[in-house]
Every structure is written in structure tokens, then in C-alpha cells.
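Structure first, then comments.
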Amino acid sequence: MSQTASAEVHAEAHDHAHGHATPTPPGFVPHHVAHHFKTWEQEFQSGKLGFWLFLATEILLFGGLFAAYIYYHGIYPETFAVCGSLLSWKLGALNTCVLLLSSWTMAMAVRAAQLSQRKACFNWLMITVACGAVFMVVKYFEYSAKIEHGTLPTAWFHPHGEEAALLATVPHPSMFFSIYFTMTGIHGLHVLIGMIVISWYAVGVAKGRYHSGHYLPIDLVGLYWHIVDIIWIFLFPLLYLVP
Amino acid sequence: MTATAVDAPTPSETNYLNIKSGFWSWAATLDHKRIGMMYLIGTSLAFLVGGLFALLVRTHLWNHTGALFDPATYNQVFTLHGVFMVFVFIIPAIPAALGNMALPGMLGAPDVALPRLNLASFYLWLVGTVFIIVSLVAGGVDTGWTFYTPYSAQSATPVIAVGLGVFILGFSSIFTGLNFIVTVHKMRAPGMTWFRMPLFVWAVYATALLQVLATPVLGITLLLLVFERLYQIGVFLPEFGGDPILFQHFFWFYSHPAVYIMILPAMGVISEVISVHARKPVFGYRMIAFSSLAIAIISFLVWGHHMFTSGESEFAMMAFSFLTFFVGIPSAIKEFNWVATIWKGSIALSAPMLYAIAFLIIFAIGGLTGIFLASLSLNIHLHDTYYVVAHFHYVMMGSTAVAFFAGLHHWWPKFTGRMYSEKWAKVAAVLVFIGFNATFLPQFIMGSEGMPRRYATYLEKWTELHRASTVGAYILASGVALMIVYFVHSLIAGEKAKANQWGAVTLEWASSSPPPLYNFDKDPIVTREVYDYSVPSQAEGYRA
């Protein structure tokens, strides 16, 4: 606790105990309930509710992008059909499978944390991070291909080869690639952040900080990872299949 | 004020202000009252900066040819006025400053649910504000606070810095709102049922819903604007197949609810102040509580009324017009219930009450002129005129900022432990009321005659009205200056405040002034209904 001094003062002022430890299995680091909470449940539920609200803001943030996608898909259906066909649905499908797999491994990590299985939890988290890395590598190859063909957002849009002729047949082809790069870019950033945060908590798991008496952070980072997964579940068909 | 000191709890020897000292005890504090105090100082400074820009605008308009600036500079000055007032001052002022200080105590809680997030929110506010100050030093933005495309994508001024600044301020606002929702759900003291919560809590709760659910859309909009400038994604630019109107839809999808992020907590302050200073339970408590939620919900469905002249389908315009009329109903419910609360009360004309009464008058005008603007045919004539400027200043400055002053005077003795000069406070309240109306009533007249907003020059026939408005602005400023003087004096030499200065019955007053670090020496248990003045001592409102 960063506020030890104030916590001491608090303990003097109050006759009942605050900051008590939750039940800790042997060999794990005990967790002390934050001073302003009365019970472990109150702390747990506050964290959960707060995090669900945060996830709602993520949905709304992407909601703006989805609204832009739907609007321009309605105005330029041919553009989206032609440009979407230039994306590799096979790579997209591969990434979808990778992320779905990682959601399962993440769920297993949360379960292992609840059961105080330190080693299993660490392994499941690292497999999840590895899946995230595979996703990013596949994304890197997809982006490289686009950069090579010049099918980029408007400022750098300079298609060449046979694709240029195809794109010349539809209005404002750069619009599709602007939306594609913005949506997948912001999503990819979320994947990267998720990988970093999961790795951070994997270190904590190895040190024995998370166990049946305190698994909230693993639970929350799991929720985050699932929302990143779900957003991709919508991005994949909209960008790769629907056109 | 009746027998309150008798049963007041024995004052703690330490309080949240003197328990620790030094820079880091503030910079790294997790105490909601200290964070609220830092927010209060920060947002008040922002208000003074925004006010300075307002005075520059009004001084410039003394002559019909423009007295101070060239038109390009004028654009930057009114933009900075808007950006500072809206994003840096009003949106955080009541929830993050007054709300942070008062809300946990009102619930009988020792702190907000997520104190670290609370501190993070403050630092995000600071960083966002620094971005905006950087843009100011770099020359100032000239797009207006609304950043409409396509101009904002082309302007030579530092739009990216301001866009990112507002983006970051948005996250600060989200964190505050998220924290308050969790606090209200999870931190209420035993016996503090939903319908025993003070109305300020209901109002801040409804505000928090808007902060969490609307602000992310502004975030992505400004991010898209930044991308537009960085690599022309084209979604808002017609030359690349984009649609500038889409920006307006995105922007107002946030910024209309944002208007209610500003006014809802102000309404909450007024409910508290009127009840305490008229010494009567709030009339129609549940109706006021539910009307806050109703306003929050309906406010998501009215954004299209900002675009009646931008190109919308007739059906959409009719729907938005109807819904805008509709949002007047819960607002009117509040207004009538406040008046009914004052009726036959033991009215104390203290400074907070004077501001609350000013609010009732000004909000009635601000609200009713909004109804005029919601009518489609009239809107075509009044759109983007000074009528609109006057209308939203009646709501934002005249209602929200005046309610902020009411709350500031109401809770000042509680959270500083000092009283201010009541005599001078009343003088300042009168100056603010007169100055405000003198500034903006002429603008209604000019607007209805066709004076367009944001113009650096105007037709000579409006010289008198513009000058009246400018004089009003200086009267208003003198009221604020007086406020600064007696507040500073109060901090240095003010007499010690009582634990329960006004004889209030809400829980934040059930501790010493200033309150101890965790608000209560013993955790309160609520046993009585809210606003129950039937027992002379509030200390019997709960048992320890």
C-alpha cells in the first residue's frame, strides 16, 4: 500500500480493523483489502463494476468507427466490395482462430488463478500472450502487403499494378483503406496493450500474488482480453467477408 | 441556524488538511477531499483564464469595427474562451471539484470506491490542460470550440494539440464518472438506501452515466480529426468522399449530452442549497431524482437539433425537434419542485441561497429560450445568431457557473473550515446576477435581429446593445474579483466555521469542519429519511 502513513493514522482513528488480509493459501502473498473498503466482497464488486463500465467506454469508442464504416459502406457499396476483396480472408480467418483460442486460454488462466494454481495460471497467461504475438505477426504481414501495393490511407494512397486498374473502377477507394487501417490499427494497439498488461500480471502470478483469495486483477485483464477478441469478431466479417 | 452545535460530534484534532503536509502529501494523495480541492483550484484558475478571454472578446466588440484584434486573432480568442470554459472548467468543475469533496461524505463513505483512479483522473486533467496551454503558446486555435470539419482539418493553427488535449480531458471526465457510479453503487453506508440519497448524489450519478457513455464518442471523433490532419483518412473531408456532417453528428452525439454533464450536477447543487437554506424537505424528492435520470436518457436523443440548418431529413428534424421539446419536461419538473420547496420555508437569504434564487430565474430564461430554438421554423432564423449564444450562456454560465458559486459558498465552510464575509458575499452575488443579465439580455435582442455569432465586426446599429453587453461583462467580472478577495481573506483570517454551518441534515455535515481524513470518526448508520428537519439536531440523523 502506497499510503502506509495514512493507513496507520486511520487505524488509530477507527476501533475496528481495516486493511485485513483475505484468506491466503500457503506459499502465496497475502492480499490486504484496501483501507476504505469494509469487506473483500465490496472491493471485488467495486473493481468488477468499474471495469465493466470501462469496457462500455471501449465499445462506444469503437462504436464511432463502426458507425463510420456503416455510413460509408452504404454510400459506396462497390468501393467496399472491390477493396474488401483485396484483403486476404484466409489470413483474417487465421487471426480469428488465433484470437478465439487465446480467449479460451485466458479463461483457463482466470480459472487457474481462482484455484491458486500458480504454474498453470502462468502458463495459460503466457500462451495467451503468444497468441497475441501470432496475431500481431500475421497483421504485420498483411500491413506489409498493403504498403507494398500502395493501398493505404488517402495521404499515402498510390496503388500500382493490376490492383490500380481495379481500384480505378470505384469511387474513393482510399476511403476503405483509411477505415481499414484506422479500425485494425486501433484494435491492434489494444492487442499490444493487452499483451503487455498480461505479461505484467504473469510476473505477479509467478511471485504468488494472485490466488483464491485475490484473483481480481487476472479476472479483469481477462475481461479486457475478451472484449478485444469480440471487437475483432466484428471487424473480421465486416472488413474481410461482407464486401 | 437552529440548535446544531449542541449535538455536533466532538471535533477531531486532525482533519484532512492538517494531517500531513508537504508537496507529496498533496501530489500523491488518495483522499477524495484533497483531490477535490486540487480540482477546485485548477478549475477555478481555468475559469479565470476563460473569463479573461471573455473580457477580451467583449472589449473587442466595443466598436462595430472591432477595437482590439484583427479578425483572425479574434477567432483564436473566442475559441480559447470556449475551449477553456467548456472542457477545462465547466465539465470538471461541479462533479470533479465539488462532487469529489462532498459526494462520499453524503453517502456516509470514507472515500470514493477507486481512489487511485480518482488521482489519475486529476493528472489526466492536468496533462490535457497542458496540451491546451501548449497550443495557446503555439499561437492558439481558431476553429471555435466545436472543431467543425472541413475547416479544422485545414486550419494552420495547432488543432492536433488541442484535439489531443480535449481527448485526454475526456478520459479524465470518464474516470471521474466511472468512479462515482461505482461509489454510489458500492460505498453507501448501512441504511443509506437509494431513496435516502441526497439529490446532489442523484444528479452526479446521472451525470456520471453521461460522462461514461457519451465521452468515448468525442474521444474517437477527435482522434479521427487528428488522423484527418496526419494522414487524411478522409471520412470528414468531401474531396476524399467523406462527409463533414458526419463530424457534426459525432461531435454533438457527445456534446449535447455534455451540455447535461454541465447542468445536471448544477441542478443537484441547487436541490441541496434550496432545501438547507429554506429549511424544508425537497418537494417531490422522487420526481427530482427520476427527472435527473430522464434528462440523462433523453439527452442522448436530441443531438440533431444542432444541425437543423446543416442538412437533415425532414423526418429527422421533426423527431429531434419533438425530443428537444420533450427534454424540457423533466427540467420543468425540477424548476417547479424547487419553487414549491421554497414555498413557506424558513428562508435564510444567505449567499448560497442568493445564488440559488439567481439560478432559478436565469435557468427559467435559459430553458424557455431553448424551447424557442427547438421549433424548426424559428430555428432557421435564429440559428448561429447571438440568440443561441445568449441561450447557452444562460444555461452554461448563468445556470451552471452560478450553481457552482452557490455550491462553493455552501460547502466552503465545511471543506476549508473557515467562514467568508457574508456581507461581501451577498454583494458579489448581486453583482454577478446583475452583470450576467446585463451581458446576455442584449444578446437575445441582437440575435433575434440577426446578429451572427463569432463575427469580429458588426453593423453599426448594434453598437449600443454590444456596449451594454460589454459593460455587463465588466460588472460580472467585478463580482468574481470581489469573490476572490473575500475567499482569500477567509482562508487567511476568516472566523472558524461551525461543524454544521447551515443546519443541514445531509451526512457530509455530520463531521467536524474540515472533516477528518476518512470523513467520519465512527462509521455512520443511517436511520432517517433524507431532508428530515423535524428533529432539531442533525446529529440524530444517524447513529455511530
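Numbering starts fresh at 1 for the residues of each chain in the C-alpha cells, the chains themselves are lettered A, B, ... in the order given, and ligands are numbered from 1 as they appear.
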Residues of chain A within 6 Å of chain B, only C-alpha atoms counted, as a list of chain:residue names:
A:His36, A:Ser46, A:Gly50, A:Thr57, A:Leu60, A:Leu61, A:Gly64, A:Pro153, A:Thr154, A:Ala155, A:His172, A:Ser178
Take the residues from that selection and put them in a file with C-alpha atoms, as an mmCIF file, in the first residue's frame.
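To be explicit, this is the file written out as again-v8.cif:
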data_model
loop_
_atom_site.group_PDB
_atom_site.id
_atom_site.type_symbol
_atom_site.label_atom_id
_atom_site.label_comp_id
_atom_site.auth_asym_id
_atom_site.auth_seq_id
_atom_site.Cartn_x
_atom_site.Cartn_y
_atom_site.Cartn_z
ATOM 1 C CA HIS A 36 -11.603 2.320 2.568
ATOM 2 C CA SER A 46 -16.307 -2.317 -6.983
ATOM 3 C CA GLY A 50 -15.814 -0.215 -12.577
ATOM 4 C CA THR A 57 -16.466 3.046 -22.980
ATOM 5 C CA LEU A 60 -18.567 3.235 -27.552
ATOM 6 C CA LEU A 61 -15.116 4.286 -28.732
ATOM 7 C CA GLY A 64 -17.858 5.661 -33.635
ATOM 8 C CA PRO A 153 -4.990 5.791 -46.318
ATOM 9 C CA THR A 154 -5.523 8.812 -48.512
ATOM 10 C CA ALA A 155 -2.300 10.711 -47.810
ATOM 11 C CA HIS A 172 -12.873 6.953 -53.438
ATOM 12 C CA SER A 178 -8.431 4.656 -44.305
#
inquiry  = Residues within 10 Å of His214 in chain A, please, as a VMD selection string. Count only C-alpha atoms; anything in the same chain fewer than 2 positions from it doesn't count.
reply    = chain A and resid 21 to 24 29 to 33 40 44 113 to 114 116 209 to 212 216 to 219
Residue selection dump (N, CA and C atoms) as a PDB file, in the first residue's frame:
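Below is the file selection-v7.pdb, written as the result:
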ATOM      1  N   ALA A  21      -6.303  -9.004   5.828  1.00  0.00           N
ATOM      2  CA  ALA A  21      -5.885  -9.849   4.719  1.00  0.00           C
ATOM      3  C   ALA A  21      -6.993 -10.839   4.379  1.00  0.00           C
ATOM      4  N   THR A  22      -7.129 -11.145   3.080  1.00  0.00           N
ATOM      5  CA  THR A  22      -8.066 -12.189   2.665  1.00  0.00           C
ATOM      6  C   THR A  22      -7.408 -13.544   2.926  1.00  0.00           C
ATOM      7  N   PRO A  23      -8.206 -14.636   2.973  1.00  0.00           N
ATOM      8  CA  PRO A  23      -7.610 -15.954   3.194  1.00  0.00           C
ATOM      9  C   PRO A  23      -6.562 -16.253   2.122  1.00  0.00           C
ATOM     10  N   THR A  24      -5.385 -16.638   2.543  1.00  0.00           N
ATOM     11  CA  THR A  24      -4.285 -16.847   1.605  1.00  0.00           C
ATOM     12  C   THR A  24      -3.803 -18.291   1.693  1.00  0.00           C
ATOM     13  N   VAL A  29       1.398 -14.699  -1.555  1.00  0.00           N
ATOM     14  CA  VAL A  29       1.492 -13.389  -0.901  1.00  0.00           C
ATOM     15  C   VAL A  29       0.097 -12.986  -0.441  1.00  0.00           C
ATOM     16  N   PRO A  30      -0.082 -12.625   0.846  1.00  0.00           N
ATOM     17  CA  PRO A  30      -1.418 -12.240   1.291  1.00  0.00           C
ATOM     18  C   PRO A  30      -1.877 -10.929   0.641  1.00  0.00           C
ATOM     19  N   HIS A  31      -3.169 -10.810   0.444  1.00  0.00           N
ATOM     20  CA  HIS A  31      -3.738  -9.572  -0.109  1.00  0.00           C
ATOM     21  C   HIS A  31      -4.487  -8.838   0.986  1.00  0.00           C
ATOM     22  N   HIS A  32      -4.170  -7.555   1.158  1.00  0.00           N
ATOM     23  CA  HIS A  32      -4.877  -6.744   2.148  1.00  0.00           C
ATOM     24  C   HIS A  32      -5.954  -5.927   1.456  1.00  0.00           C
ATOM     25  N   VAL A  33      -7.147  -6.007   1.971  1.00  0.00           N
ATOM     26  CA  VAL A  33      -8.253  -5.226   1.422  1.00  0.00           C
ATOM     27  C   VAL A  33      -7.932  -3.750   1.633  1.00  0.00           C
ATOM     28  N   TRP A  40     -13.993  -7.766   1.680  1.00  0.00           N
ATOM     29  CA  TRP A  40     -13.368  -8.201   0.437  1.00  0.00           C
ATOM     30  C   TRP A  40     -14.374  -8.150  -0.705  1.00  0.00           C
ATOM     31  N   PHE A  44     -14.048  -6.361  -4.307  1.00  0.00           N
ATOM     32  CA  PHE A  44     -14.134  -7.167  -5.520  1.00  0.00           C
ATOM     33  C   PHE A  44     -15.210  -6.630  -6.453  1.00  0.00           C
ATOM     34  N   ALA A 113      -6.137 -19.143 -11.643  1.00  0.00           N
ATOM     35  CA  ALA A 113      -5.900 -18.169 -10.575  1.00  0.00           C
ATOM     36  C   ALA A 113      -6.886 -18.399  -9.432  1.00  0.00           C
ATOM     37  N   GLN A 114      -8.159 -18.657  -9.774  1.00  0.00           N
ATOM     38  CA  GLN A 114      -9.174 -18.884  -8.735  1.00  0.00           C
ATOM     39  C   GLN A 114      -8.855 -20.123  -7.909  1.00  0.00           C
ATOM     40  N   SER A 116      -5.832 -21.140  -7.271  1.00  0.00           N
ATOM     41  CA  SER A 116      -4.477 -20.967  -6.727  1.00  0.00           C
ATOM     42  C   SER A 116      -3.469 -21.889  -7.395  1.00  0.00           C
ATOM     43  N   ARG A 209       1.298 -13.577  -6.163  1.00  0.00           N
ATOM     44  CA  ARG A 209       0.414 -12.513  -5.671  1.00  0.00           C
ATOM     45  C   ARG A 209      -1.061 -12.854  -5.880  1.00  0.00           C
ATOM     46  N   TYR A 210      -1.378 -13.723  -6.852  1.00  0.00           N
ATOM     47  CA  TYR A 210      -2.777 -13.959  -7.192  1.00  0.00           C
ATOM     48  C   TYR A 210      -3.155 -15.396  -6.883  1.00  0.00           C
ATOM     49  N   HIS A 211      -4.264 -15.530  -6.175  1.00  0.00           N
ATOM     50  CA  HIS A 211      -4.656 -16.842  -5.652  1.00  0.00           C
ATOM     51  C   HIS A 211      -6.145 -16.801  -5.330  1.00  0.00           C
ATOM     52  N   SER A 212      -6.658 -17.869  -4.734  1.00  0.00           N
ATOM     53  CA  SER A 212      -8.101 -17.953  -4.482  1.00  0.00           C
ATOM     54  C   SER A 212      -8.597 -16.784  -3.631  1.00  0.00           C
ATOM     55  N   LEU A 216      -8.771 -10.872  -8.530  1.00  0.00           N
ATOM     56  CA  LEU A 216      -9.489  -9.827  -9.258  1.00  0.00           C
ATOM     57  C   LEU A 216      -8.708  -9.295 -10.473  1.00  0.00           C
ATOM     58  N   PRO A 217      -7.422  -8.924 -10.319  1.00  0.00           N
ATOM     59  CA  PRO A 217      -6.725  -8.360 -11.493  1.00  0.00           C
ATOM     60  C   PRO A 217      -6.686  -9.321 -12.675  1.00  0.00           C
ATOM     61  N   ILE A 218      -6.509 -10.615 -12.415  1.00  0.00           N
ATOM     62  CA  ILE A 218      -6.481 -11.586 -13.511  1.00  0.00           C
ATOM     63  C   ILE A 218      -7.855 -11.649 -14.165  1.00  0.00           C
ATOM     64  N   ASP A 219      -8.881 -11.617 -13.339  1.00  0.00           N
ATOM     65  CA  ASP A 219     -10.252 -11.609 -13.828  1.00  0.00           C
ATOM     66  C   ASP A 219     -10.481 -10.411 -14.757  1.00  0.00           C
TER      67      ASP A 219
END
Need the shell around Phe195 in chain B: protein/DNA/RNA residues with any atom at most 10 Å away, counting only C-alpha atoms. Skip same-chain ones fewer than 2 positions apart. Format as a list of chain:residue names?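 With the cut-off at 10 Å, the set is B:Met192, B:Thr193, B:Met197, B:Pro198, B:Leu199, B:Trp202, B:Tyr285, B:Arg286, B:Ala289, B:Glu529, B:Val530.
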As a short mmCIF file (atom, residue, chain, number, x, y, z; two decimals) with C-alpha atoms, in the first residue's frame, please: the residues near Ile127 in chain A (cut-off 9 Å, only C-alpha atoms, same-chain neighbours under 6 positions excluded).
data_model
loop_
_atom_site.label_atom_id
_atom_site.label_comp_id
_atom_site.auth_asym_id
_atom_site.auth_seq_id
_atom_site.Cartn_x
_atom_site.Cartn_y
_atom_site.Cartn_z
CA SER A 102 -6.42 -17.03 -26.83
CA THR A 105 -6.52 -19.85 -22.74
CA MET A 106 -7.29 -16.59 -20.94
#
Please identify the helix (DSSP H, G or I) residues within range 272-323 of chain B (assignment by DSSP from backbone atoms) and present them as a PyMOL selection string. chain B and resi 272-278+285-301+303-307+314-323
* Non-local contacts of Val86 in chain B (12 Å; only C-alpha atoms; under 5 positions in same chain excluded) as a VMD selection string -> chain B and resid 43 46 to 47 50 to 51 78 to 81 91 to 93 129 144 to 146 166 169 to 170 255 258 to 263 392 to 393 396 to 397 400 to 401
Open item on the list: Neighbouring residues of Thr184 in chain A were defined as those with any atom within 8 Å, considering only C-alpha atoms; residues of the same chain fewer than 4 positions away were excluded. Please report them as a VMD selection string.
Closed with: chain A and resid 180 188 235
Emit the selected residues as a compact mmCIF listing (two decimals), in the first residue's frame, including N, CA and C atoms.
# COMPACT_ATOMS: atom_id res chain seq x y z
N TYR A 180 -10.06 0.82 -42.92
CA TYR A 180 -9.43 -0.46 -42.57
C TYR A 180 -8.25 -0.24 -41.65
N GLY A 188 -5.33 -3.29 -33.09
CA GLY A 188 -4.01 -3.86 -32.87
C GLY A 188 -3.31 -3.23 -31.67
N LEU A 235 -14.92 -7.07 -36.53
CA LEU A 235 -14.10 -6.47 -37.59
C LEU A 235 -13.88 -7.46 -38.74
Check: Any idea what's packed within 7 Å of range 483-497 of chain B, counting only C-alpha atoms, ignoring anything in its chain fewer than 3 positions away? Could you give it as a PyMOL selection string?
Finding: chain B and resi 413+417-421+425+428+479-480+501+513
Quiz item: At what distance in Å, to one decimal, does CA of Thr182 in chain A lie from CA of Glu148 in chain A?
Solution: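 Computed distance, CA of Glu148 in chain A to CA of Thr182 in chain A, equals 18.0 Å.
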* Pick from B:Leu98, B:Ser512, B:Val162, B:Tyr386: nearest to Arg453 in chain B, with only C-alpha atoms counted? ->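 Among the listed residues, the smallest separation from Arg453 in chain B belongs to B:Tyr386.
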